[in-house]
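Enquirer: Got a structure for you, work_1.cif, holding mmCIF, C-alpha atoms.
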data_model
loop_
_atom_site.label_atom_id
_atom_site.label_comp_id
_atom_site.auth_asym_id
_atom_site.auth_seq_id
_atom_site.Cartn_x
_atom_site.Cartn_y
_atom_site.Cartn_z
CA MET A 1 10.79 9.00 20.85
CA LYS A 2 7.28 10.26 20.15
CA ILE A 3 4.34 9.05 18.07
CA TYR A 4 1.84 11.69 16.94
CA GLU A 5 -1.55 10.07 16.45
CA GLN A 6 -5.27 10.23 17.05
CA LYS A 7 -6.25 7.30 19.21
CA ILE A 8 -9.52 6.53 17.40
CA ALA A 9 -7.90 6.47 13.92
CA PRO A 10 -7.50 2.91 12.56
CA ASN A 11 -4.00 3.56 11.19
CA ALA A 12 -2.83 4.80 14.57
CA ARG A 13 -4.30 1.66 16.16
CA ARG A 14 -2.39 -0.54 13.71
CA VAL A 15 0.89 0.88 15.01
CA ARG A 16 -0.09 0.55 18.68
CA VAL A 17 -1.18 -3.09 18.27
CA PHE A 18 2.05 -3.84 16.40
CA LEU A 19 4.15 -2.29 19.19
CA ALA A 20 2.13 -4.13 21.85
CA GLU A 21 2.77 -7.46 20.09
CA LYS A 22 6.49 -6.61 20.05
CA GLY A 23 6.45 -5.62 23.73
CA LEU A 24 7.56 -2.09 22.76
CA LEU A 25 4.48 -0.02 23.59
CA ASP A 26 6.23 1.75 26.49
CA GLN A 27 9.13 2.90 24.29
CA ALA A 28 7.23 5.81 22.75
CA GLU A 29 5.41 8.82 24.15
CA PHE A 30 2.06 9.16 22.38
CA VAL A 31 0.93 12.67 21.45
CA GLU A 32 -2.80 13.02 20.70
CA LEU A 33 -3.93 15.32 17.87
CA ASP A 34 -7.50 16.37 17.11
CA LEU A 35 -7.87 15.82 13.35
CA GLN A 36 -11.33 17.31 13.10
CA LYS A 37 -10.00 20.53 14.60
CA GLY A 38 -7.19 20.36 12.01
CA GLU A 39 -4.31 20.01 14.48
CA ASN A 40 -2.55 17.94 11.80
CA ARG A 41 -2.81 20.73 9.22
CA THR A 42 -0.60 23.34 10.89
CA ALA A 43 2.72 24.44 9.39
CA GLU A 44 4.45 22.89 12.41
CA PHE A 45 2.93 19.47 11.85
CA ARG A 46 3.55 19.60 8.09
CA GLY A 47 7.21 19.96 9.04
CA LYS A 48 6.90 16.46 10.53
CA ASN A 49 4.86 15.02 7.64
CA MET A 50 4.38 17.11 4.51
CA LEU A 51 1.22 15.11 3.77
CA ALA A 52 -0.31 16.12 7.14
CA LYS A 53 -1.30 12.54 8.00
CA ILE A 54 -0.98 10.65 11.26
CA PRO A 55 0.62 8.58 12.71
CA VAL A 56 4.14 10.05 12.62
CA LEU A 57 7.12 8.62 14.50
CA GLU A 58 9.59 11.23 15.74
CA LEU A 59 12.99 9.86 16.72
CA ASP A 60 15.10 11.56 19.38
CA ASP A 61 17.40 13.03 16.68
CA GLY A 62 14.41 14.74 15.02
CA THR A 63 14.01 12.24 12.14
CA HIS A 64 10.37 11.67 11.15
CA ILE A 65 8.84 8.52 9.70
CA SER A 66 5.23 8.55 8.53
CA GLU A 67 3.00 5.89 6.95
CA SER A 68 1.89 3.30 9.52
CA VAL A 69 3.58 0.33 7.88
CA ALA A 70 6.86 2.24 7.49
CA ILE A 71 6.78 2.87 11.25
CA CYS A 72 6.09 -0.83 11.86
CA ARG A 73 8.90 -1.83 9.51
CA TYR A 74 11.35 0.34 11.46
CA PHE A 75 10.56 -1.50 14.69
CA GLU A 76 10.50 -4.90 12.95
CA ALA A 77 14.00 -4.30 11.56
CA LEU A 78 15.31 -3.01 14.91
CA HIS A 79 13.70 -5.86 16.87
CA PRO A 80 13.49 -8.86 14.52
CA GLU A 81 12.62 -11.32 17.30
CA ASN A 82 8.93 -12.39 17.32
CA PRO A 83 8.57 -11.44 13.64
CA LEU A 84 5.27 -9.96 12.44
CA MET A 85 6.44 -9.49 8.84
CA GLY A 86 7.83 -12.97 8.21
CA SER A 87 11.26 -14.59 8.35
CA THR A 88 11.91 -16.62 5.19
CA PRO A 89 11.61 -14.94 1.76
CA LEU A 90 8.35 -16.82 1.09
CA GLU A 91 6.85 -15.87 4.48
CA GLN A 92 7.81 -12.23 3.92
CA ALA A 93 6.19 -12.29 0.47
CA GLU A 94 2.99 -14.01 1.64
CA ILE A 95 2.55 -11.59 4.53
CA GLU A 96 3.23 -8.61 2.24
CA MET A 97 0.64 -10.00 -0.22
CA TRP A 98 -2.08 -10.36 2.41
CA GLN A 99 -1.18 -7.12 4.13
CA ARG A 100 -1.62 -5.29 0.82
CA ARG A 101 -4.82 -7.13 -0.05
CA CYS A 102 -6.26 -6.14 3.35
CA GLU A 103 -5.19 -2.53 2.82
CA ILE A 104 -6.10 -1.97 -0.85
CA TYR A 105 -9.35 -3.94 -1.06
CA PHE A 106 -10.60 -3.52 2.51
CA MET A 107 -9.12 -0.84 4.79
CA ASN A 108 -8.79 1.86 2.11
CA LEU A 109 -12.29 1.11 0.83
CA VAL A 110 -13.83 1.37 4.31
CA GLY A 111 -11.95 4.64 4.84
CA MET A 112 -13.24 6.10 1.57
CA ALA A 113 -16.77 4.76 2.18
CA PHE A 114 -16.72 6.61 5.51
CA GLN A 115 -15.30 9.89 4.19
CA HIS A 116 -17.48 9.99 1.07
CA THR A 117 -20.78 9.06 2.71
CA SER A 118 -20.46 10.78 6.12
CA GLY A 119 -18.97 14.11 5.05
CA PHE A 120 -16.63 13.82 8.08
CA PHE A 121 -13.80 15.74 6.34
CA ALA A 122 -16.06 17.79 4.03
CA ASP A 123 -14.08 20.93 4.93
CA ARG A 124 -10.97 19.50 3.25
CA MET A 125 -12.22 17.18 0.48
CA THR A 126 -15.12 16.72 -1.95
CA PRO A 127 -17.32 13.85 -0.75
CA ILE A 128 -18.85 11.88 -3.66
CA LYS A 129 -21.65 9.75 -2.25
CA GLU A 130 -21.84 7.41 -5.27
CA TRP A 131 -18.12 6.63 -4.91
CA GLY A 132 -18.54 6.02 -1.17
CA GLU A 133 -21.29 3.49 -1.95
CA GLU A 134 -19.08 1.67 -4.46
CA CYS A 135 -16.33 1.47 -1.83
CA TYR A 136 -18.80 0.02 0.69
CA LYS A 137 -19.77 -2.71 -1.80
CA GLY A 138 -16.11 -3.54 -2.45
CA ALA A 139 -15.31 -3.75 1.26
CA SER A 140 -18.32 -6.01 1.88
CA LYS A 141 -17.19 -8.29 -0.96
CA PHE A 142 -13.69 -8.51 0.51
CA MET A 143 -15.11 -9.45 3.91
CA HIS A 144 -16.88 -12.40 2.26
CA MET A 145 -13.69 -13.41 0.44
CA LEU A 146 -11.73 -13.23 3.69
CA ASP A 147 -14.30 -15.47 5.40
CA LYS A 148 -13.83 -18.05 2.63
CA HIS A 149 -10.03 -17.79 2.82
CA LEU A 150 -10.04 -18.28 6.61
CA ALA A 151 -11.69 -21.68 6.17
CA ASP A 152 -8.26 -23.01 5.15
CA SER A 153 -5.96 -20.61 6.97
CA GLU A 154 -5.66 -20.11 10.73
CA TYR A 155 -4.52 -16.51 10.38
CA VAL A 156 -4.84 -14.09 7.46
CA ALA A 157 -1.38 -14.89 6.06
CA GLY A 158 -0.96 -18.53 7.06
CA ASP A 159 -0.24 -20.38 10.30
CA SER A 160 1.17 -17.44 12.26
CA TYR A 161 -0.23 -14.16 13.53
CA SER A 162 1.21 -11.29 11.45
CA ILE A 163 0.82 -7.62 10.57
CA ALA A 164 -1.87 -8.70 8.06
CA ASP A 165 -4.05 -9.82 11.00
CA ILE A 166 -3.54 -6.42 12.64
CA THR A 167 -4.67 -4.59 9.49
CA ALA A 168 -7.66 -6.90 8.99
CA MET A 169 -8.75 -6.69 12.65
CA CYS A 170 -8.47 -2.89 12.79
CA THR A 171 -10.50 -2.69 9.57
CA VAL A 172 -13.24 -5.04 10.77
CA ASP A 173 -13.64 -2.85 13.86
CA PHE A 174 -13.47 0.39 11.84
CA SER A 175 -16.16 -0.97 9.45
CA ARG A 176 -18.78 -0.23 12.09
CA VAL A 177 -18.59 3.46 11.14
CA VAL A 178 -20.21 2.57 7.81
CA GLN A 179 -22.52 -0.07 9.34
CA LEU A 180 -20.60 -2.91 7.71
CA ARG A 181 -20.64 -5.83 10.14
CA ARG A 182 -19.64 -9.48 10.17
CA GLY A 183 -22.53 -11.80 9.38
CA GLU A 184 -23.43 -14.70 11.68
CA GLU A 185 -22.94 -17.04 8.71
CA GLN A 186 -19.31 -15.92 8.31
CA VAL A 187 -18.13 -18.59 10.71
CA ASN A 188 -14.48 -18.57 9.64
CA LEU A 189 -14.18 -14.80 9.87
CA ASN A 190 -15.88 -14.88 13.28
CA ARG A 191 -13.60 -17.66 14.58
CA TRP A 192 -10.54 -15.69 13.47
CA TYR A 193 -11.91 -12.37 14.81
CA GLU A 194 -12.52 -13.81 18.27
CA ALA A 195 -8.95 -15.16 18.34
CA VAL A 196 -7.18 -11.96 17.26
CA SER A 197 -9.42 -9.68 19.33
CA GLY A 198 -8.78 -11.81 22.39
CA ARG A 199 -5.06 -11.05 22.34
CA ALA A 200 -3.91 -8.47 24.90
CA SER A 201 -2.49 -6.33 22.04
CA ALA A 202 -5.99 -5.68 20.67
CA LYS A 203 -6.64 -3.30 23.58
CA ALA A 204 -3.55 -1.18 22.88
CA MET B 1 9.18 -19.80 -12.47
CA LYS B 2 6.57 -17.75 -14.35
CA ILE B 3 5.22 -14.23 -14.06
CA TYR B 4 1.73 -13.60 -15.44
CA GLU B 5 1.41 -10.00 -16.50
CA GLN B 6 0.28 -7.54 -19.14
CA LYS B 7 3.34 -5.74 -20.44
CA ILE B 8 1.69 -2.29 -20.69
CA ALA B 9 0.33 -2.37 -17.10
CA PRO B 10 2.31 -0.10 -14.74
CA ASN B 11 2.31 -2.63 -11.89
CA ALA B 12 3.76 -5.30 -14.18
CA ARG B 13 6.46 -2.83 -15.27
CA ARG B 14 7.37 -2.15 -11.62
CA VAL B 15 8.25 -5.83 -11.17
CA ARG B 16 10.24 -6.04 -14.43
CA VAL B 17 12.29 -2.91 -13.61
CA PHE B 18 12.94 -4.28 -10.10
CA LEU B 19 14.15 -7.61 -11.51
CA ALA B 20 16.29 -5.83 -14.13
CA GLU B 21 17.97 -3.77 -11.38
CA LYS B 22 18.66 -7.01 -9.49
CA GLY B 23 20.02 -8.72 -12.63
CA LEU B 24 17.28 -11.35 -12.33
CA LEU B 25 15.10 -10.59 -15.36
CA ASP B 26 16.08 -13.83 -17.12
CA GLN B 27 15.04 -15.98 -14.14
CA ALA B 28 11.33 -15.86 -14.96
CA GLU B 29 9.24 -16.75 -17.99
CA PHE B 30 6.77 -13.94 -18.67
CA VAL B 31 3.25 -14.93 -19.69
CA GLU B 32 1.22 -12.16 -21.36
CA LEU B 33 -2.52 -11.84 -20.56
CA ASP B 34 -5.01 -9.60 -22.35
CA LEU B 35 -6.89 -7.85 -19.53
CA GLN B 36 -9.38 -6.11 -21.78
CA LYS B 37 -10.41 -9.50 -23.15
CA GLY B 38 -10.75 -10.66 -19.52
CA GLU B 39 -8.03 -13.33 -19.66
CA ASN B 40 -7.40 -12.56 -15.97
CA ARG B 41 -11.02 -13.25 -15.03
CA THR B 42 -11.20 -16.95 -15.84
CA ALA B 43 -11.66 -19.60 -13.14
CA GLU B 44 -8.17 -20.88 -13.97
CA PHE B 45 -6.52 -17.52 -13.35
CA ARG B 46 -8.55 -16.91 -10.18
CA GLY B 47 -6.93 -20.11 -8.92
CA LYS B 48 -3.63 -18.23 -9.14
CA ASN B 49 -4.96 -14.97 -7.67
CA MET B 50 -8.46 -14.91 -6.20
CA LEU B 51 -8.55 -11.15 -6.84
CA ALA B 52 -7.93 -11.68 -10.59
CA LYS B 53 -5.15 -9.06 -10.70
CA ILE B 54 -1.77 -9.15 -12.40
CA PRO B 55 1.16 -9.54 -11.95
CA VAL B 56 1.29 -12.99 -10.33
CA LEU B 57 4.50 -14.91 -9.62
CA GLU B 58 4.19 -18.68 -9.96
CA LEU B 59 6.98 -20.67 -8.33
CA ASP B 60 7.99 -24.07 -9.69
CA ASP B 61 6.21 -25.81 -6.78
CA GLY B 62 2.92 -24.12 -7.74
CA THR B 63 2.97 -21.44 -5.02
CA HIS B 64 1.52 -18.10 -6.16
CA ILE B 65 2.46 -14.63 -4.97
CA SER B 66 0.46 -11.63 -6.15
CA GLU B 67 0.71 -7.90 -5.41
CA SER B 68 3.69 -6.31 -7.18
CA VAL B 69 5.55 -5.27 -4.05
CA ALA B 70 5.12 -8.71 -2.46
CA ILE B 71 6.77 -10.20 -5.57
CA CYS B 72 9.60 -7.66 -5.29
CA ARG B 73 10.02 -8.41 -1.59
CA TYR B 74 10.40 -12.12 -2.34
CA PHE B 75 13.31 -11.41 -4.68
CA GLU B 76 14.81 -8.79 -2.34
CA ALA B 77 14.83 -11.30 0.53
CA LEU B 78 16.26 -14.09 -1.67
CA HIS B 79 18.91 -11.79 -3.18
CA PRO B 80 19.70 -9.11 -0.58
CA GLU B 81 22.80 -7.83 -2.44
CA ASN B 82 22.26 -4.50 -4.25
CA PRO B 83 19.32 -3.66 -1.94
CA LEU B 84 16.36 -1.74 -3.37
CA MET B 85 14.36 -1.78 -0.11
CA GLY B 86 17.09 -0.52 2.23
CA SER B 87 19.60 -2.11 4.60
CA THR B 88 19.52 -0.39 8.01
CA PRO B 89 16.21 -0.11 9.92
CA LEU B 90 16.04 3.62 9.13
CA GLU B 91 16.73 3.11 5.41
CA GLN B 92 14.08 0.39 5.25
CA ALA B 93 11.58 2.69 6.97
CA GLU B 94 12.35 5.73 4.79
CA ILE B 95 12.06 3.69 1.59
CA GLU B 96 8.80 2.11 2.80
CA MET B 97 7.48 5.61 3.63
CA TRP B 98 8.27 7.03 0.18
CA GLN B 99 7.19 3.89 -1.62
CA ARG B 100 3.79 4.13 0.07
CA ARG B 101 3.48 7.86 -0.51
CA CYS B 102 4.18 7.27 -4.22
CA GLU B 103 1.61 4.48 -4.32
CA ILE B 104 -1.22 5.94 -2.23
CA TYR B 105 -1.09 9.59 -3.32
CA PHE B 106 0.19 9.15 -6.87
CA MET B 107 0.06 5.74 -8.59
CA ASN B 108 -3.34 4.71 -7.22
CA LEU B 109 -4.78 8.14 -8.00
CA VAL B 110 -3.55 8.04 -11.61
CA GLY B 111 -4.97 4.52 -11.94
CA MET B 112 -8.38 5.59 -10.65
CA ALA B 113 -8.32 8.81 -12.72
CA PHE B 114 -7.76 6.64 -15.78
CA GLN B 115 -10.41 4.04 -14.98
CA HIS B 116 -13.07 6.53 -13.89
CA THR B 117 -12.65 9.02 -16.74
CA SER B 118 -11.84 6.69 -19.67
CA GLY B 119 -14.36 3.92 -19.04
CA PHE B 120 -11.57 1.44 -19.91
CA PHE B 121 -12.96 -1.26 -17.57
CA ALA B 122 -16.62 -0.11 -17.72
CA ASP B 123 -17.71 -3.74 -18.24
CA ARG B 124 -16.48 -4.65 -14.75
CA MET B 125 -16.81 -1.47 -12.63
CA THR B 126 -18.91 1.70 -12.31
CA PRO B 127 -16.91 4.66 -13.62
CA ILE B 128 -17.67 7.86 -11.66
CA LYS B 129 -16.30 10.79 -13.68
CA GLU B 130 -16.37 13.26 -10.77
CA TRP B 131 -14.23 10.89 -8.68
CA GLY B 132 -11.79 10.41 -11.56
CA GLU B 133 -11.38 14.18 -11.77
CA GLU B 134 -10.67 14.44 -8.02
CA CYS B 135 -8.03 11.72 -8.39
CA TYR B 136 -6.42 13.61 -11.27
CA LYS B 137 -6.18 16.75 -9.09
CA GLY B 138 -4.61 14.78 -6.24
CA ALA B 139 -2.04 13.15 -8.55
CA SER B 140 -1.13 16.53 -10.04
CA LYS B 141 -0.66 17.95 -6.53
CA PHE B 142 1.61 15.04 -5.57
CA MET B 143 3.74 15.61 -8.69
CA HIS B 144 4.33 19.20 -7.52
CA MET B 145 5.19 18.01 -4.01
CA LEU B 146 7.62 15.45 -5.41
CA ASP B 147 9.32 18.17 -7.48
CA LYS B 148 9.81 20.23 -4.32
CA HIS B 149 11.10 17.22 -2.37
CA LEU B 150 13.61 16.34 -5.11
CA ALA B 151 15.28 19.75 -4.67
CA ASP B 152 16.92 18.33 -1.53
CA SER B 153 17.03 14.63 -2.33
CA GLU B 154 18.91 12.94 -5.18
CA TYR B 155 16.46 10.05 -5.37
CA VAL B 156 12.91 9.72 -4.09
CA ALA B 157 13.93 8.09 -0.80
CA GLY B 158 17.35 9.64 -0.18
CA ASP B 159 20.83 9.23 -1.67
CA SER B 160 20.30 5.83 -3.27
CA TYR B 161 18.09 4.49 -6.04
CA SER B 162 15.31 2.35 -4.53
CA ILE B 163 11.95 0.71 -5.21
CA ALA B 164 10.35 4.12 -4.50
CA ASP B 165 12.06 5.48 -7.64
CA ILE B 166 10.68 2.56 -9.64
CA THR B 167 7.12 3.27 -8.46
CA ALA B 168 7.45 7.01 -9.08
CA MET B 169 8.99 6.57 -12.55
CA CYS B 170 6.37 4.02 -13.67
CA THR B 171 3.66 6.39 -12.44
CA VAL B 172 5.09 9.47 -14.19
CA ASP B 173 5.09 7.47 -17.45
CA PHE B 174 1.61 6.03 -16.82
CA SER B 175 0.28 9.55 -16.11
CA ARG B 176 0.29 10.24 -19.85
CA VAL B 177 -2.91 8.17 -20.17
CA VAL B 178 -4.73 10.93 -18.28
CA GLN B 179 -2.75 13.76 -19.95
CA LEU B 180 -0.90 14.54 -16.72
CA ARG B 181 2.64 15.57 -17.70
CA ARG B 182 5.69 17.02 -16.01
CA GLY B 183 5.91 20.80 -16.36
CA GLU B 184 9.04 22.50 -17.72
CA GLU B 185 9.23 24.46 -14.46
CA GLN B 186 9.49 21.22 -12.43
CA VAL B 187 13.27 21.21 -12.75
CA ASN B 188 13.96 18.84 -9.86
CA LEU B 189 11.42 16.30 -11.03
CA ASN B 190 12.81 16.54 -14.56
CA ARG B 191 16.43 16.13 -13.38
CA TRP B 192 15.44 13.02 -11.42
CA TYR B 193 13.27 11.63 -14.24
CA GLU B 194 16.10 11.86 -16.78
CA ALA B 195 18.41 10.03 -14.36
CA VAL B 196 16.08 7.14 -13.52
CA SER B 197 14.76 6.79 -17.09
CA GLY B 198 18.30 6.65 -18.38
CA ARG B 199 19.08 3.46 -16.47
CA ALA B 200 19.05 0.27 -18.53
CA SER B 201 16.37 -1.17 -16.23
CA ALA B 202 13.83 1.45 -17.38
CA LYS B 203 13.49 -0.41 -20.69
CA ALA B 204 12.66 -3.76 -19.05
#
Now that the file is in, can you turn its structure into C-alpha cells?
Expert:
Amino acid sequence: MKIYEQKIAPNARRVRVFLAEKGLLDQAEFVELDLQKGENRTAEFRGKNMLAKIPVLELDDGTHISESVAICRYFEALHPENPLMGSTPLEQAEIEMWQRRCEIYFMNLVGMAFQHTSGFFADRMTPIKEWGEECYKGASKFMHMLDKHLADSEYVAGDSYSIADITAMCTVDFSRVVQLRRGEEQVNLNRWYEAVSGRASAKA
Amino acid sequence: MKIYEQKIAPNARRVRVFLAEKGLLDQAEFVELDLQKGENRTAEFRGKNMLAKIPVLELDDGTHISESVAICRYFEALHPENPLMGSTPLEQAEIEMWQRRCEIYFMNLVGMAFQHTSGFFADRMTPIKEWGEECYKGASKFMHMLDKHLADSEYVAGDSYSIADITAMCTVDFSRVVQLRRGEEQVNLNRWYEAVSGRASAKA
C-alpha cells in the first residue's frame, strides 16, 4: 500500500507517528508530493481524493482513504493491539473528546493562523489577516488550557498515551510557524511535551 | 444520565438523531440551556465542559463527555448492534472519512458563516464578515460536491445509513440560517435528503 503525503505537513506527521507507535511504519510506501507546486491539485490526484488534500492511503486494490484520522482508524481496527484510540467505551469516548478538542481548538486554529497570516497558499485561497490573528489568539488560549489540564493528567486523554497526544504534539511543533511557543511557566505542558517527544515515534 | 444541550443547535441534534437511530433516546434526560443568555458560560457549566460548549453527556457517576461525536462513540461502543460507525476496518475508515469531510468542509463552514455574518455571538467573539462570506462559498461548493458524489452512492458513506448521513442532514437543515439551500438541479442530493429526512429519527 501507499501513502501520499508531504513530509513537513502536520497531518501527514500524525499518520506516521501513529504507524510508528503501532510498529507498522514499514508497511506503507510513502510518496512525497510538493503542495506548493500544486502536485495535489492535478486531475490524477483528485481521483484519489476529490478534496485534493494529503495524506491519502491507497490500498493495493485501489481503494483510497483520506482524512488523517480515518487512515489511523483503519490501522487501529486492523491491528487493535496496543490501542491508541481506547478499549472500553469510556476510554474511546474520552480519547475522541480530547482528540477533537486538540483538533478543533488547537490544530485547525494554528493551520488557519498560518495560512491567513503568511499567505502561503494565497494562489488558492483568500487570506484574511484579521481572521488569522483571531485563530492565533484561540490557539494560544488552548495551549494555556492544556497546560492546566496536564497538571492532573499524565497524558492528554488520561493515564495512557493516545492519538490525542499525537495530535497535540504535532500541533505544538507546527505552532512554531506562527511563532507560538510554549512558555517556561507552562510546566505541565513542558513535562508532557518532553515525554511524548522523547518517544522513538516522534521522529517518524 | 443527562445530556445538556440546546435543542435548536445542530450539534445537539446530531446526538439526538444518533440516539434515536440506536433506539436509546429514552435513556437520557435532556437539560435545555439558553446559549444566547450564556447559561453555558457559568462556572458550574465549565465544571462539566471547560470549553463551555454543548452538548455534554453526564453519566450517573459524574463523568462528563463533551464533543458530539465522542458522545456518539460512547453509545456506539456500548451498543454495537445496528452500527452507525461501521463494522469492518474499511467501513469504519470510510465512514470516518466522510464524517470528517462533512464536518470540516461543510458543517463547520456553515457554523462560521452564520456566526461571522449574523453577529449572533458578537458578545463573545469578533465577527469578521469577509471570513463568513468565504465560509459560505466553501459550504456551497461542498454541497455541489456532495450532490455529485451521491450520484454513485446511496448514502453519504456507501450503501448503509451512517453517522455521516446524520452530520450531512443536520448541516443541510442548519444551512437555512445563512440562506444556503439545495438547488432543484441537485437531484442526487435531493433524493438522498428526502430519504434521510423521512426516517423517524430525523424528528428527534
Enquirer: Can you list, as a PyMOL selection string, every protein, DNA or RNA residue that comes within 8 Å of Ile163 of chain A when you count all atoms listed in the file, leaving out same-chain residues fewer than 3 positions away?
Expert: chain A and resi 18+84-85+95+99+166-167
Enquirer: Export C-alpha atoms of the chosen residues as a short mmCIF file (atom, residue, chain, number, x, y, z; two decimals), in the frame of the given file?
Expert:
data_model
loop_
_atom_site.label_atom_id
_atom_site.label_comp_id
_atom_site.auth_asym_id
_atom_site.auth_seq_id
_atom_site.Cartn_x
_atom_site.Cartn_y
_atom_site.Cartn_z
CA PHE A 18 2.05 -3.84 16.40
CA LEU A 84 5.27 -9.96 12.44
CA MET A 85 6.44 -9.49 8.84
CA ILE A 95 2.55 -11.59 4.53
CA GLN A 99 -1.18 -7.12 4.13
CA ILE A 166 -3.54 -6.42 12.64
CA THR A 167 -4.67 -4.59 9.49
#
Enquirer: I would like the residues chosen by the PyMOL selection byres ((chain A) within 7 of (chain B)) on the shown file; could you give them as an mmCIF file with C-alpha atoms, in the frame of the given file?
Expert:
data_model
loop_
_atom_site.group_PDB
_atom_site.id
_atom_site.type_symbol
_atom_site.label_atom_id
_atom_site.label_comp_id
_atom_site.auth_asym_id
_atom_site.auth_seq_id
_atom_site.Cartn_x
_atom_site.Cartn_y
_atom_site.Cartn_z
ATOM 1 C CA ILE A 65 8.840 8.520 9.700
ATOM 2 C CA SER A 66 5.230 8.550 8.530
ATOM 3 C CA GLU A 67 3.000 5.890 6.950
ATOM 4 C CA ALA A 70 6.860 2.240 7.490
ATOM 5 C CA ILE A 71 6.780 2.870 11.250
ATOM 6 C CA ARG A 73 8.900 -1.830 9.510
ATOM 7 C CA TYR A 74 11.350 0.340 11.460
ATOM 8 C CA ALA A 77 14.000 -4.300 11.560
ATOM 9 C CA LEU A 78 15.310 -3.010 14.910
ATOM 10 C CA PRO A 89 11.610 -14.940 1.760
ATOM 11 C CA LEU A 90 8.350 -16.820 1.090
ATOM 12 C CA GLN A 92 7.810 -12.230 3.920
ATOM 13 C CA ALA A 93 6.190 -12.290 0.470
ATOM 14 C CA GLU A 94 2.990 -14.010 1.640
ATOM 15 C CA GLU A 96 3.230 -8.610 2.240
ATOM 16 C CA MET A 97 0.640 -10.000 -0.220
ATOM 17 C CA ILE A 128 -18.850 11.880 -3.660
ATOM 18 C CA TRP A 131 -18.120 6.630 -4.910
#
Enquirer: For Leu109 of chain B, which residue out of B:Asn49, B:Thr171, B:Asn188, B:Thr42 is the nearest one, using all atoms listed in the file?
Expert: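 The closest residue to Leu109 of chain B is B:Thr171.
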Enquirer: Expand the PyMOL selection byres ((chain B and resi 168) around 12) into the individual residues it matches in the shown file, reporting them as JSON, numbers by chain.
Expert: {"B": [10, 11, 13, 14, 17, 98, 99, 100, 101, 102, 103, 104, 105, 106, 107, 108, 110, 139, 142, 143, 146, 147, 150, 155, 156, 157, 161, 162, 163, 164, 165, 166, 167, 169, 170, 171, 172, 173, 174, 175, 189, 192, 193, 196, 197, 202]}
Enquirer: Between B:Ser160, B:Asp60, B:Arg176, B:Ser140, which residue has the minimum interatomic distance to Phe114 of chain B, considering all atoms listed in the file?
Expert: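 Looking at the shortest contact to Phe114 of chain B, the residue is B:Arg176.
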